[in-house]
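Structure file data.cif (mmCIF, C-alpha atoms and all ligand atoms) follows.
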```cif
data_target
loop_
_atom_site.label_atom_id
_atom_site.label_comp_id
_atom_site.auth_asym_id
_atom_site.auth_seq_id
_atom_site.Cartn_x
_atom_site.Cartn_y
_atom_site.Cartn_z
CA MET A 1 0.00 0.00 0.00
CA ASP A 2 1.29 3.46 -0.87
CA SER A 3 -0.39 6.27 1.10
CA ASN A 4 1.50 9.02 -0.82
CA ASN A 5 0.50 7.85 -4.29
CA LYS A 6 -1.89 10.06 -6.26
CA LEU A 7 -3.93 8.30 -8.95
CA GLN A 8 -4.74 10.19 -12.13
CA THR A 9 -7.87 9.14 -14.03
CA LEU A 10 -8.08 9.76 -17.79
CA THR A 11 -11.01 9.01 -20.05
CA THR A 12 -9.77 9.95 -23.53
CA ILE A 13 -7.26 8.26 -25.80
CA ALA A 14 -5.59 11.59 -26.63
CA GLU A 15 -4.88 12.40 -22.96
CA LEU A 16 -3.75 8.84 -22.30
CA ARG A 17 -1.29 8.83 -25.20
CA SER A 18 0.18 12.21 -24.32
CA ARG A 19 0.66 11.27 -20.65
CA LEU A 20 2.24 7.91 -21.50
CA ASN A 21 4.54 9.41 -24.12
CA ALA A 22 5.99 11.60 -21.39
CA GLU A 23 6.48 8.62 -19.02
CA ARG A 24 8.04 6.54 -21.80
CA ALA A 25 10.35 9.41 -22.79
CA SER A 26 11.69 9.49 -19.24
CA GLY A 27 12.64 5.81 -19.62
CA LYS A 28 9.95 4.32 -17.43
CA ARG A 29 8.93 0.68 -17.72
CA ILE A 30 5.16 0.65 -18.04
CA ALA A 31 2.80 -2.03 -16.70
CA LEU A 32 -0.85 -2.52 -17.59
CA VAL A 33 -3.52 -4.18 -15.47
CA PRO A 34 -6.65 -4.50 -17.64
CA THR A 35 -9.90 -4.88 -15.66
CA MET A 36 -13.64 -4.41 -15.92
CA GLY A 37 -13.72 -2.74 -12.50
CA ASN A 38 -15.56 -3.72 -9.31
CA LEU A 39 -12.12 -4.47 -7.95
CA HIS A 40 -11.55 -7.08 -5.26
CA GLN A 41 -8.46 -8.48 -3.56
CA GLY A 42 -7.67 -10.56 -6.65
CA HIS A 43 -7.37 -7.43 -8.81
CA LEU A 44 -5.30 -5.71 -6.15
CA ARG A 45 -2.80 -8.61 -6.25
CA LEU A 46 -2.47 -7.88 -9.98
CA VAL A 47 -1.74 -4.23 -9.18
CA GLU A 48 0.84 -5.24 -6.56
CA THR A 49 2.51 -7.50 -9.13
CA ALA A 50 2.51 -4.67 -11.66
CA VAL A 51 4.05 -2.26 -9.13
CA ALA A 52 6.80 -4.82 -8.41
CA ASN A 53 7.56 -5.25 -12.13
CA ALA A 54 7.43 -1.71 -13.53
CA ASP A 55 8.08 1.98 -12.80
CA PHE A 56 4.67 3.24 -13.90
CA VAL A 57 1.44 1.30 -13.49
CA VAL A 58 -1.67 1.82 -15.60
CA ALA A 59 -4.97 0.10 -14.81
CA SER A 60 -7.91 0.15 -17.16
CA ILE A 61 -11.56 -0.14 -16.24
CA PHE A 62 -13.85 -0.83 -19.15
CA VAL A 63 -16.87 -3.13 -19.13
CA ASN A 64 -16.25 -4.38 -22.64
CA PRO A 65 -19.58 -4.98 -24.43
CA LEU A 66 -17.91 -7.07 -27.16
CA GLN A 67 -17.17 -9.91 -24.74
CA PHE A 68 -20.75 -10.26 -23.45
CA GLY A 69 -23.38 -12.40 -25.18
CA PRO A 70 -26.86 -11.00 -25.90
CA ASN A 71 -28.43 -12.57 -22.77
CA GLU A 72 -25.52 -12.03 -20.43
CA ASP A 73 -24.91 -9.59 -17.58
CA LEU A 74 -23.52 -6.55 -19.45
CA GLU A 75 -26.16 -4.16 -18.08
CA ARG A 76 -26.04 -5.34 -14.48
CA TYR A 77 -22.26 -5.88 -14.31
CA PRO A 78 -21.29 -3.95 -11.14
CA ARG A 79 -19.84 -0.47 -11.78
CA THR A 80 -18.09 0.95 -8.71
CA LEU A 81 -15.70 3.57 -10.09
CA ALA A 82 -15.18 5.70 -6.95
CA GLU A 83 -14.35 2.68 -4.74
CA ASP A 84 -12.10 1.27 -7.46
CA GLN A 85 -10.19 4.55 -7.76
CA ALA A 86 -9.58 4.65 -3.99
CA GLN A 87 -8.25 1.07 -4.00
CA LEU A 88 -6.03 1.61 -7.03
CA GLU A 89 -4.55 4.72 -5.46
CA ALA A 90 -3.89 2.90 -2.16
CA PHE A 91 -2.13 0.05 -3.97
CA GLY A 92 0.25 2.32 -5.90
CA CYS A 93 -1.40 2.44 -9.34
CA ASN A 94 -0.35 5.66 -11.10
CA LEU A 95 -2.91 6.06 -13.86
CA LEU A 96 -6.44 4.79 -14.46
CA PHE A 97 -7.81 4.70 -18.00
CA ALA A 98 -11.61 4.61 -17.73
CA PRO A 99 -12.98 5.40 -21.20
CA THR A 100 -16.57 5.50 -22.43
CA GLU A 101 -17.79 2.97 -24.97
CA ALA A 102 -17.85 5.66 -27.70
CA GLU A 103 -14.19 6.46 -27.01
CA VAL A 104 -13.18 2.82 -27.37
CA TYR A 105 -15.48 1.81 -30.22
CA PRO A 106 -16.18 4.97 -32.26
CA GLN A 107 -17.46 2.82 -35.16
CA GLY A 108 -19.99 1.16 -32.84
CA ARG A 109 -20.00 -2.46 -31.72
CA ALA A 110 -20.90 -3.84 -35.14
CA GLY A 111 -18.40 -1.72 -37.09
CA GLN A 112 -15.41 -2.68 -34.98
CA THR A 113 -12.43 -4.59 -36.47
CA PHE A 114 -11.84 -7.79 -34.50
CA VAL A 115 -8.79 -9.76 -33.44
CA GLU A 116 -9.46 -13.48 -33.04
CA VAL A 117 -7.36 -16.46 -32.00
CA PRO A 118 -8.78 -19.46 -33.88
CA GLY A 119 -9.58 -22.88 -32.41
CA ILE A 120 -9.08 -22.44 -28.69
CA SER A 121 -11.41 -19.40 -28.64
CA ASP A 122 -14.33 -21.70 -29.55
CA LEU A 123 -13.74 -24.28 -26.82
CA TYR A 124 -14.83 -24.47 -23.15
CA CYS A 125 -15.85 -20.91 -22.13
CA GLY A 126 -15.83 -20.02 -25.82
CA ALA A 127 -18.37 -22.79 -26.56
CA SER A 128 -20.66 -21.62 -23.74
CA ARG A 129 -20.15 -17.94 -24.60
CA PRO A 130 -19.83 -17.64 -28.41
CA GLY A 131 -17.78 -14.58 -29.41
CA HIS A 132 -16.54 -13.99 -25.85
CA PHE A 133 -12.85 -14.48 -26.55
CA ARG A 134 -13.03 -12.51 -29.78
CA GLY A 135 -14.28 -9.63 -27.63
CA VAL A 136 -11.49 -10.16 -25.11
CA THR A 137 -8.67 -10.36 -27.64
CA THR A 138 -10.01 -7.34 -29.50
CA ILE A 139 -10.11 -5.11 -26.41
CA VAL A 140 -6.80 -6.39 -25.01
CA ASN A 141 -5.13 -5.80 -28.38
CA LYS A 142 -6.60 -2.29 -28.43
CA LEU A 143 -5.39 -1.57 -24.89
CA PHE A 144 -1.93 -2.86 -25.82
CA ASN A 145 -1.89 -0.50 -28.82
CA LEU A 146 -3.01 2.46 -26.74
CA ILE A 147 -0.80 1.92 -23.71
CA GLN A 148 2.12 0.02 -25.27
CA PRO A 149 2.94 -1.61 -21.95
CA ASP A 150 6.25 -3.39 -21.36
CA VAL A 151 4.41 -5.82 -19.15
CA ALA A 152 0.74 -6.75 -18.70
CA VAL A 153 -0.68 -8.58 -15.70
CA PHE A 154 -3.66 -10.98 -15.77
CA GLY A 155 -5.28 -13.30 -13.25
CA CYS A 156 -4.91 -17.07 -13.66
CA LYS A 157 -8.52 -17.56 -12.55
CA ASP A 158 -9.42 -16.83 -16.18
CA TYR A 159 -7.07 -19.60 -17.26
CA GLN A 160 -8.35 -19.94 -20.80
CA GLN A 161 -8.39 -16.16 -21.25
CA LEU A 162 -4.70 -15.94 -20.33
CA HIS A 163 -3.91 -18.85 -22.67
CA VAL A 164 -5.76 -17.15 -25.55
CA ILE A 165 -4.01 -13.82 -24.87
CA ARG A 166 -0.61 -15.57 -24.79
CA ARG A 167 -1.42 -17.08 -28.20
CA MET A 168 -2.39 -13.67 -29.56
CA VAL A 169 0.81 -12.09 -28.25
CA ASP A 170 2.96 -14.91 -29.69
CA ASP A 171 1.14 -15.13 -33.02
CA LEU A 172 1.27 -11.37 -33.60
CA SER A 173 4.77 -10.88 -32.10
CA MET A 174 3.52 -8.26 -29.69
CA PRO A 175 6.36 -6.72 -27.68
CA VAL A 176 4.78 -7.23 -24.26
CA GLU A 177 5.68 -9.53 -21.39
CA LEU A 178 2.68 -11.30 -19.83
CA ILE A 179 2.52 -12.16 -16.15
CA GLY A 180 -0.16 -14.50 -14.77
CA VAL A 181 -1.00 -14.11 -11.08
CA SER A 182 -2.38 -17.02 -9.11
CA THR A 183 -6.03 -16.99 -8.06
CA GLU A 184 -6.96 -15.17 -4.88
CA ARG A 185 -9.34 -17.24 -2.73
CA ALA A 186 -11.56 -16.73 0.29
CA ALA A 187 -10.61 -18.81 3.34
CA ASN A 188 -13.20 -21.42 2.27
CA GLY A 189 -11.52 -21.81 -1.14
CA LEU A 190 -13.98 -19.80 -3.25
CA ALA A 191 -12.11 -17.96 -6.03
CA LEU A 192 -12.67 -14.21 -5.74
CA SER A 193 -14.73 -12.84 -8.61
CA SER A 194 -16.85 -9.77 -9.25
CA ARG A 195 -19.66 -12.17 -10.21
CA ASN A 196 -19.71 -13.65 -6.67
CA GLY A 197 -21.74 -10.52 -5.89
CA TYR A 198 -24.67 -12.14 -7.76
CA LEU A 199 -24.81 -14.97 -5.19
CA THR A 200 -27.31 -15.04 -2.34
CA GLU A 201 -26.08 -15.88 1.14
CA ASP A 202 -27.19 -19.50 0.75
CA GLU A 203 -25.43 -19.76 -2.60
CA LEU A 204 -22.27 -18.22 -1.14
CA ALA A 205 -22.21 -21.05 1.35
CA ILE A 206 -22.48 -23.62 -1.49
CA ALA A 207 -20.08 -21.94 -3.93
CA PRO A 208 -16.80 -23.28 -2.42
CA ALA A 209 -17.94 -26.78 -3.50
CA LEU A 210 -16.68 -25.96 -7.00
CA TYR A 211 -13.07 -25.58 -5.87
CA ALA A 212 -13.47 -28.53 -3.48
CA ALA A 213 -14.55 -30.66 -6.47
CA LEU A 214 -11.42 -29.57 -8.37
CA CYS A 215 -9.24 -30.46 -5.36
CA ASP A 216 -10.90 -33.92 -5.20
CA LEU A 217 -10.27 -34.42 -8.91
CA ARG A 218 -6.63 -33.44 -8.47
CA ALA A 219 -6.29 -35.94 -5.61
CA ALA A 220 -7.81 -38.70 -7.75
CA LEU A 221 -5.45 -37.95 -10.65
CA LYS A 222 -2.46 -37.85 -8.34
CA GLY A 223 -3.65 -41.16 -6.88
CA GLY A 224 -3.28 -42.69 -10.35
CA ASP A 225 -6.88 -42.70 -11.60
CA THR A 226 -6.77 -42.32 -15.39
CA ASN A 227 -10.48 -42.66 -16.16
CA HIS A 228 -11.05 -38.94 -16.81
CA GLU A 229 -14.55 -39.34 -18.16
CA ARG A 230 -15.79 -41.19 -15.10
CA LEU A 231 -14.04 -38.78 -12.70
CA ILE A 232 -15.60 -35.78 -14.41
CA GLU A 233 -19.10 -37.28 -14.46
CA HIS A 234 -18.79 -38.11 -10.78
CA ALA A 235 -17.72 -34.50 -9.99
CA GLN A 236 -20.58 -33.08 -12.10
CA GLN A 237 -23.15 -35.20 -10.28
CA HIS A 238 -21.71 -34.16 -6.92
CA LEU A 239 -21.98 -30.47 -7.90
CA GLU A 240 -25.54 -30.94 -9.17
CA ARG A 241 -26.52 -32.54 -5.86
CA ASN A 242 -25.14 -29.37 -4.21
CA GLY A 243 -27.35 -27.07 -6.30
CA PHE A 244 -25.09 -26.22 -9.27
CA MET A 245 -26.15 -26.56 -12.90
CA ARG A 246 -23.45 -28.04 -15.06
CA ASP A 247 -21.55 -26.20 -17.75
CA TYR A 248 -18.24 -28.04 -18.15
CA ILE A 249 -15.34 -29.71 -16.43
CA HIS A 250 -12.28 -30.66 -18.52
CA ILE A 251 -8.96 -32.27 -17.72
CA LEU A 252 -6.45 -30.73 -20.11
CA ARG A 253 -2.75 -30.63 -20.73
CA ARG A 254 -1.39 -27.20 -19.89
CA SER A 255 0.74 -26.68 -23.00
CA ASP A 256 -2.13 -26.38 -25.50
CA MET A 257 -5.25 -26.72 -23.34
CA LEU A 258 -6.42 -29.78 -25.30
CA ALA A 259 -7.68 -33.03 -23.75
CA ALA A 260 -5.03 -34.69 -21.61
CA THR A 261 -3.94 -38.24 -22.32
CA ALA A 262 -2.51 -40.73 -19.80
CA ALA A 263 1.00 -39.72 -20.99
CA ASP A 264 0.62 -36.04 -20.02
CA ARG A 265 2.15 -34.95 -16.69
CA GLU A 266 1.42 -31.20 -16.61
CA LEU A 267 -2.33 -30.81 -16.44
CA VAL A 268 -4.96 -28.24 -15.64
CA ILE A 269 -8.55 -28.97 -14.66
CA ILE A 270 -10.91 -26.20 -15.71
CA ALA A 271 -14.53 -25.89 -14.64
CA ALA A 272 -17.54 -23.65 -15.13
CA ALA A 273 -20.90 -24.10 -13.40
CA TYR A 274 -24.05 -22.10 -12.86
CA LEU A 275 -25.18 -21.27 -9.34
CA GLY A 276 -28.30 -19.13 -9.10
CA ALA A 277 -27.72 -15.98 -11.18
CA ALA A 278 -23.95 -16.51 -11.42
CA ARG A 279 -21.77 -18.54 -13.73
CA LEU A 280 -18.67 -19.44 -11.75
CA ILE A 281 -15.36 -20.55 -13.26
CA ASP A 282 -12.31 -22.01 -11.58
CA ASN A 283 -9.28 -24.15 -12.32
CA ILE A 284 -6.48 -26.06 -10.68
CA GLU A 285 -3.11 -27.13 -12.03
CA VAL A 286 -1.98 -30.73 -11.47
CA ASP A 287 1.57 -32.03 -11.76
CA LEU A 288 1.76 -35.82 -11.99
O1 LIG B 301 -10.52 -10.35 -17.25
C1 LIG B 301 -11.17 -9.31 -17.47
O2 LIG B 301 -11.58 -8.59 -16.56
C2 LIG B 301 -11.48 -8.92 -18.91
O3 LIG B 301 -11.75 -10.04 -19.68
C3 LIG B 301 -10.38 -8.05 -19.55
C4 LIG B 301 -9.07 -8.81 -19.65
C5 LIG B 301 -10.19 -6.80 -18.72
C6 LIG B 301 -10.80 -7.64 -20.95
O4 LIG B 301 -11.99 -6.92 -20.94
#
```

How does the structure come out when it is put into structure tokens?
Amino acid sequence: MDSNNKLQTLTTIAELRSRLNAERASGKRIALVPTMGNLHQGHLRLVETAVANADFVVASIFVNPLQFGPNEDLERYPRTLAEDQAQLEAFGCNLLFAPTEAEVYPQGRAGQTFVEVPGISDLYCGASRPGHFRGVTTIVNKLFNLIQPDVAVFGCKDYQQLHVIRRMVDDLSMPVELIGVSTERAANGLALSSRNGYLTEDELAIAPALYAALCDLRAALKGGDTNHERLIEHAQQHLERNGFMRDYIHILRRSDMLAATAADRELVIIAAAYLGAARLIDNIEVDL
């Protein structure tokens, strides 16, 4: 925490570019923490990581309409700018870019040029949320162009998102270092997420079962069980008995996020499930 830090908030691309040109000219290493706001401890860990890896830290808050499906939570996504600004300032962030939609997409949502990573963007979360990753890679690419960060920091809770962004950065030779920060959890294991705010008190008590199911799956894999299909079905049924509605659970190899075989040693289990009005996602890495 830095009690002397003063956060500047800018809303236009012109102001942002002129401010960052000055910082870059003085030789500063610039970090970017892209967010959609409603910051929690998980986001603040990203800011701390950015502060430790750069001289000048920029956060962005933009609820990106391109990554929401037609029946998703774009309108009700929590917007808490004043609280977010106070937290960013306390954690040493130097500049907040909080543009309007018209500033980011002057051609409108339909007229926007897209950036898309093929294949992986259509799997898992991409299958449940068509167009989601195209929206993410488009806005992240745009933020990289605007801010030209030396380093950008993302949470590992959105495991597939980070994988897709790494592919975009590699495929397009973008000169930015990516840092993934491990998931921040409540004491009961629940991964922190802005969408946890949609949960009722009863659902909040149930929600940690998702991570518990991932931990049980990891234990089974480490114990030598290789019947992935049966393990996953068992976990799904357990979650359904607890009040979740299934979306997916997959056991993947980490390198390409495709289905793991018995020969793979570095795995990740990814899961998404509906609980009341929220769709929760989580993941756990497994080394065999
Ligand atoms: O992870 C998020 O909050 C968003 O997907 C991101 C990376 C800020 C892009 O809108």

Near-ligand residues for ligand LIG 301 (chain B), threshold 9 Å, all atoms listed in the file, as a tab-separated table (two decimals) with C-alpha atoms, in the frame of the given file:
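The resulting file, selection_5.tsv, is reproduced below:
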```
chain	number	residue	atom	x	y	z
A	33	VAL	CA	-3.52	-4.18	-15.47
A	34	PRO	CA	-6.65	-4.50	-17.64
A	35	THR	CA	-9.90	-4.88	-15.66
A	36	MET	CA	-13.64	-4.41	-15.92
A	37	GLY	CA	-13.72	-2.74	-12.50
A	43	HIS	CA	-7.37	-7.43	-8.81
A	60	SER	CA	-7.91	0.15	-17.16
A	61	ILE	CA	-11.56	-0.14	-16.24
A	62	PHE	CA	-13.85	-0.83	-19.15
A	63	VAL	CA	-16.87	-3.13	-19.13
A	64	ASN	CA	-16.25	-4.38	-22.64
A	65	PRO	CA	-19.58	-4.98	-24.43
A	66	LEU	CA	-17.91	-7.07	-27.16
A	67	GLN	CA	-17.17	-9.91	-24.74
A	132	HIS	CA	-16.54	-13.99	-25.85
A	133	PHE	CA	-12.85	-14.48	-26.55
A	135	GLY	CA	-14.28	-9.63	-27.63
A	136	VAL	CA	-11.49	-10.16	-25.11
A	137	THR	CA	-8.67	-10.36	-27.64
A	138	THR	CA	-10.01	-7.34	-29.50
A	139	ILE	CA	-10.11	-5.11	-26.41
A	140	VAL	CA	-6.80	-6.39	-25.01
A	154	PHE	CA	-3.66	-10.98	-15.77
A	155	GLY	CA	-5.28	-13.30	-13.25
A	157	LYS	CA	-8.52	-17.56	-12.55
A	158	ASP	CA	-9.42	-16.83	-16.18
A	161	GLN	CA	-8.39	-16.16	-21.25
A	162	LEU	CA	-4.70	-15.94	-20.33
A	165	ILE	CA	-4.01	-13.82	-24.87
```

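Rounded to one decimal, atom CA of Ala272 of chain A and atom CA of Leu143 of chain A lie 27.0 Å from each other.
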
May I ask which of the residues A:Arg109, A:Arg19, A:Arg195, A:Arg185 is the closest one to Leu39 of chain A, counting only C-alpha atoms?
->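 So, comparing all the options, the nearest one is A:Arg195.
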
One decimal, Å: what's the distance from atom CA of Ala191 of chain A over to atom CA of Leu214 of chain A, could you say?
-> 11.9 Å

Can you work out the spacing between atom CA of Phe97 of chain A and atom CA of Leu7 of chain A in Å, to one decimal?
->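 Computing the Euclidean distance for atom CA of Phe97 of chain A and atom CA of Leu7 of chain A yields 10.5 Å.
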
Tell me which protein, DNA and RNA residues are within 8 Å of segment 220-231 of chain A, counting only C-alpha atoms, leaving out same-chain ones fewer than 6 positions away, and put them as a PyMOL selection string.
-> chain A and resi 251+262+286-288

Same residues, C-alpha atoms, output as a PDB file, in the frame of the given file:
```pdb
ATOM      1  CA  ILE A 251      -8.960 -32.270 -17.720  1.00  0.00           C
ATOM      2  CA  ALA A 262      -2.510 -40.730 -19.800  1.00  0.00           C
ATOM      3  CA  VAL A 286      -1.980 -30.730 -11.470  1.00  0.00           C
ATOM      4  CA  ASP A 287       1.570 -32.030 -11.760  1.00  0.00           C
ATOM      5  CA  LEU A 288       1.760 -35.820 -11.990  1.00  0.00           C
TER       6      LEU A 288
END
```

Scan for residues within 10 Å of the point (-20.6, -29.9, -9.9) in the coordinates of the file, using all atoms listed in the file, and reply as JSON, numbers by chain.
-> {"A": [207, 209, 210, 211, 212, 213, 214, 232, 233, 234, 235, 236, 237, 238, 239, 240, 241, 242, 243, 244, 245, 246, 247, 248, 249, 271, 272, 273, 274, 275]}

Which is closest to Asn71 of chain A among A:Arg29, A:Ala110, A:Pro130, A:Val164, if we use only C-alpha atoms?
->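 Under the stated criterion, the closest residue is A:Pro130.
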
Got a sec: who's within 9 Å of segment 180-184 of chain A, counting all atoms listed in the file, leaving out chain neighbours fewer than 2 positions off, as a PDB file with C-alpha atoms, in the coordinates of the input?
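part35.pdb, freshly written:
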```
ATOM      1  CA  GLN A  41      -8.460  -8.480  -3.560  1.00  0.00           C
ATOM      2  CA  GLY A  42      -7.670 -10.560  -6.650  1.00  0.00           C
ATOM      3  CA  HIS A  43      -7.370  -7.430  -8.810  1.00  0.00           C
ATOM      4  CA  ARG A  45      -2.800  -8.610  -6.250  1.00  0.00           C
ATOM      5  CA  LEU A  46      -2.470  -7.880  -9.980  1.00  0.00           C
ATOM      6  CA  THR A  49       2.510  -7.500  -9.130  1.00  0.00           C
ATOM      7  CA  ALA A 152       0.740  -6.750 -18.700  1.00  0.00           C
ATOM      8  CA  VAL A 153      -0.680  -8.580 -15.700  1.00  0.00           C
ATOM      9  CA  PHE A 154      -3.660 -10.980 -15.770  1.00  0.00           C
ATOM     10  CA  GLY A 155      -5.280 -13.300 -13.250  1.00  0.00           C
ATOM     11  CA  CYS A 156      -4.910 -17.070 -13.660  1.00  0.00           C
ATOM     12  CA  LYS A 157      -8.520 -17.560 -12.550  1.00  0.00           C
ATOM     13  CA  ASP A 158      -9.420 -16.830 -16.180  1.00  0.00           C
ATOM     14  CA  TYR A 159      -7.070 -19.600 -17.260  1.00  0.00           C
ATOM     15  CA  LEU A 162      -4.700 -15.940 -20.330  1.00  0.00           C
ATOM     16  CA  LEU A 178       2.680 -11.300 -19.830  1.00  0.00           C
ATOM     17  CA  ALA A 186     -11.560 -16.730   0.290  1.00  0.00           C
ATOM     18  CA  GLY A 189     -11.520 -21.810  -1.140  1.00  0.00           C
ATOM     19  CA  LEU A 190     -13.980 -19.800  -3.250  1.00  0.00           C
ATOM     20  CA  ALA A 191     -12.110 -17.960  -6.030  1.00  0.00           C
ATOM     21  CA  LEU A 192     -12.670 -14.210  -5.740  1.00  0.00           C
ATOM     22  CA  SER A 193     -14.730 -12.840  -8.610  1.00  0.00           C
ATOM     23  CA  ASP A 282     -12.310 -22.010 -11.580  1.00  0.00           C
ATOM     24  CA  ASN A 283      -9.280 -24.150 -12.320  1.00  0.00           C
TER      25      ASN A 283
END
```
